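So the structure is just underneath, and the comments pick up after that.
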Amino acid sequence: MSEIREASFSATGSLTRDEYDEAAKAAGLFRRGRAVAAISTAFLAAASVTLSSGGLTVHPVPLGIAVAYGLVVLMVLPRWVVGRGFRSGRAAEEKRVVVDGTGIEVFRGEESQRIVWDEMRYYHETPRLHVFVGRSRRRTCLVALPKRLFTAPGESELLAAFGHEQAGDGS
């Protein structure tokens with residue numbers, strides 16, 4: 001394991017929109033928000049039903065509002081936020097990423113950002129990506145590295161072992 005701690009990985013490339021969507025899903029950025037939205041939708045729907053002498057009465061306008069709220073908050077809003085993150089984070093631009101024993105550094109043109117391992121919350125591997133999730137200055141950081149960028153034999157598997165050792169799996 002000591003050779004893993006001293007390893008350094010470097011990749012240059014860009015993410016596609018599909019890869020970014022997969023990374024956001026793997027990172028679970030919307031799990032809590034979707035649970036809150038589902039509970040809120042259920043409460044709104046329950047508020048549209050009243051008990052009367054003839055049984056239950058359903059009020060269509062509040063029920064329609066609950067359904068519209070649920071559709072927007074559960075389906076449309078997360079996709080819009082991920083799309084906005086893809087565009088504003090300039091995920092499609094080519095970047096160079098260096099992963100080593102001190103953390104992850106992302107170079108974009110003349111800019112660079114370093115995220116140390118203490119700021120990393122967890123690592124997740126998907127069939128196409130290595131996903132690192134952390135917090136830096138009160139912001140969630142998402143670093144997704146497509147496996148297609150690692151061409152040396154065994155390099156992707158070594159990065160997976162390194163990611164699990166350094167960042168853990170969130171548990």
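Each chain of the structure tokens is named A, B, ... in the order shown, its residues numbered from 1; ligands are numbered from 1 in display order.
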
**OP:** Using DSSP on the backbone, list every residue of segment 39-114 of chain A that comes out as helix (DSSP H, G or I), and give them as a ChimeraX atom specification.
**Re:** /A:39-47,60-88

Original post:
Residues at most 12 Å from Asp118 of chain A, counting only C-alpha atoms, excluding those fewer than 4 positions away in the same chain, as a list in words?
Top reply: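 So, after excluding close chain neighbours, the residues are Gly101, Thr102, Gly103, Ile104, Arg114, Tyr122, Val133, Gly134, Arg135, Ser136, Gln166, Ala167 and Gly168 of chain A.
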
**OP:** Extract, using only C-alpha atoms, all DNA, RNA and protein residues at most 12 Å from segment 157-161 of chain A, discarding same-chain residues fewer than 6 positions from it, and format them as a ChimeraX atom specification.
**Re:** /A:1-11,98-101,104,122-132,145-147,149-151,167-169

Kindly export the residues of the current selection with C-alpha atoms, as a compact mmCIF listing (two decimals), in the first residue's frame.
# COMPACT_ATOMS: atom_id res chain seq x y z
CA MET A 1 0.00 0.00 0.00
CA SER A 2 2.92 2.41 0.48
CA GLU A 3 3.44 2.56 -3.29
CA ILE A 4 -0.17 3.73 -3.67
CA ARG A 5 0.34 6.61 -1.22
CA GLU A 6 3.28 7.85 -3.28
CA ALA A 7 1.47 7.52 -6.61
CA SER A 8 0.56 10.48 -8.76
CA PHE A 9 -2.03 10.46 -11.50
CA SER A 10 -2.42 13.01 -14.25
CA ALA A 11 -5.11 13.29 -16.89
CA VAL A 98 -3.31 15.88 -10.98
CA VAL A 99 -4.19 13.48 -8.16
CA ASP A 100 -1.41 12.84 -5.66
CA GLY A 101 -0.75 12.28 -1.96
CA ILE A 104 -6.39 16.95 -6.24
CA TYR A 122 -15.84 10.55 -0.42
CA TYR A 123 -14.86 8.79 -3.62
CA HIS A 124 -17.27 6.89 -5.87
CA GLU A 125 -16.52 4.83 -8.96
CA THR A 126 -18.98 4.29 -11.78
CA PRO A 127 -18.44 2.16 -14.90
CA ARG A 128 -17.21 5.27 -16.79
CA LEU A 129 -15.97 7.68 -14.10
CA HIS A 130 -13.93 8.29 -10.98
CA VAL A 131 -15.91 10.80 -8.88
CA PHE A 132 -14.46 12.73 -5.93
CA LEU A 145 -12.37 11.91 -14.11
CA PRO A 146 -13.46 9.84 -17.10
CA LYS A 147 -11.79 6.43 -17.18
CA LEU A 149 -8.45 9.37 -20.11
CA PHE A 150 -6.34 6.71 -18.38
CA THR A 151 -4.68 4.70 -21.12
CA ALA A 167 -11.17 9.86 0.39
CA GLY A 168 -13.13 6.79 1.49
CA ASP A 169 -16.56 5.84 0.28

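Across A:Tyr20, A:Phe43, A:Trp117, A:Phe162, the tightest approach to Pro62 of chain A is made by A:Phe43 when counting only C-alpha atoms.
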
**OP:** Assign secondary structure with DSSP using the backbone only, and return the residues of segment 2-135 of chain A in strand (DSSP E or B) as a PyMOL selection string.
**Re:** chain A and resi 9-13+49-52+55-58+95-100+103-108+111-116+120-125+129-135

Limited to C-alpha atoms, could you put the picked residues into a file as a compact mmCIF listing (two decimals), in the first residue's frame?
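As written to disk, selection.txt reads:
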# COMPACT_ATOMS: atom_id res chain seq x y z
CA PHE A 9 -2.03 10.46 -11.50
CA SER A 10 -2.42 13.01 -14.25
CA ALA A 11 -5.11 13.29 -16.89
CA THR A 12 -5.98 15.88 -19.50
CA GLY A 13 -9.37 16.08 -21.15
CA VAL A 49 -58.31 16.49 0.76
CA THR A 50 -60.82 17.34 3.51
CA LEU A 51 -63.12 15.23 5.61
CA SER A 52 -66.79 16.11 5.24
CA GLY A 55 -66.73 11.31 3.20
CA LEU A 56 -63.52 12.65 1.72
CA THR A 57 -63.69 15.66 -0.54
CA VAL A 58 -60.88 16.26 -3.04
CA LYS A 95 -8.59 20.60 -18.06
CA ARG A 96 -5.60 18.89 -16.55
CA VAL A 97 -6.08 17.11 -13.25
CA VAL A 98 -3.31 15.88 -10.98
CA VAL A 99 -4.19 13.48 -8.16
CA ASP A 100 -1.41 12.84 -5.66
CA GLY A 103 -4.91 16.15 -2.87
CA ILE A 104 -6.39 16.95 -6.24
CA GLU A 105 -5.39 19.93 -8.34
CA VAL A 106 -7.41 21.03 -11.34
CA PHE A 107 -5.73 23.25 -13.93
CA ARG A 108 -7.93 25.19 -16.35
CA GLU A 111 -6.15 29.01 -13.21
CA SER A 112 -5.74 26.18 -10.76
CA GLN A 113 -7.64 24.93 -7.75
CA ARG A 114 -6.28 22.51 -5.15
CA ILE A 115 -8.51 20.42 -2.93
CA VAL A 116 -6.63 18.67 -0.11
CA MET A 120 -12.72 15.34 0.41
CA ARG A 121 -15.86 13.66 1.73
CA TYR A 122 -15.84 10.55 -0.42
CA TYR A 123 -14.86 8.79 -3.62
CA HIS A 124 -17.27 6.89 -5.87
CA GLU A 125 -16.52 4.83 -8.96
CA LEU A 129 -15.97 7.68 -14.10
CA HIS A 130 -13.93 8.29 -10.98
CA VAL A 131 -15.91 10.80 -8.88
CA PHE A 132 -14.46 12.73 -5.93
CA VAL A 133 -16.80 14.83 -3.77
CA GLY A 134 -15.60 17.33 -1.19
CA ARG A 135 -16.20 20.70 0.39

Subject >> Residue with smallest distance to Ser40 of chain A - pool A:Leu74, A:Gly28, A:Arg17, A:Glu94, counting only C-alpha atoms >> reply: A:Leu74

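Atom CA of Glu22 of chain A sits 24.4 Å away from atom CA of Arg137 of chain A.
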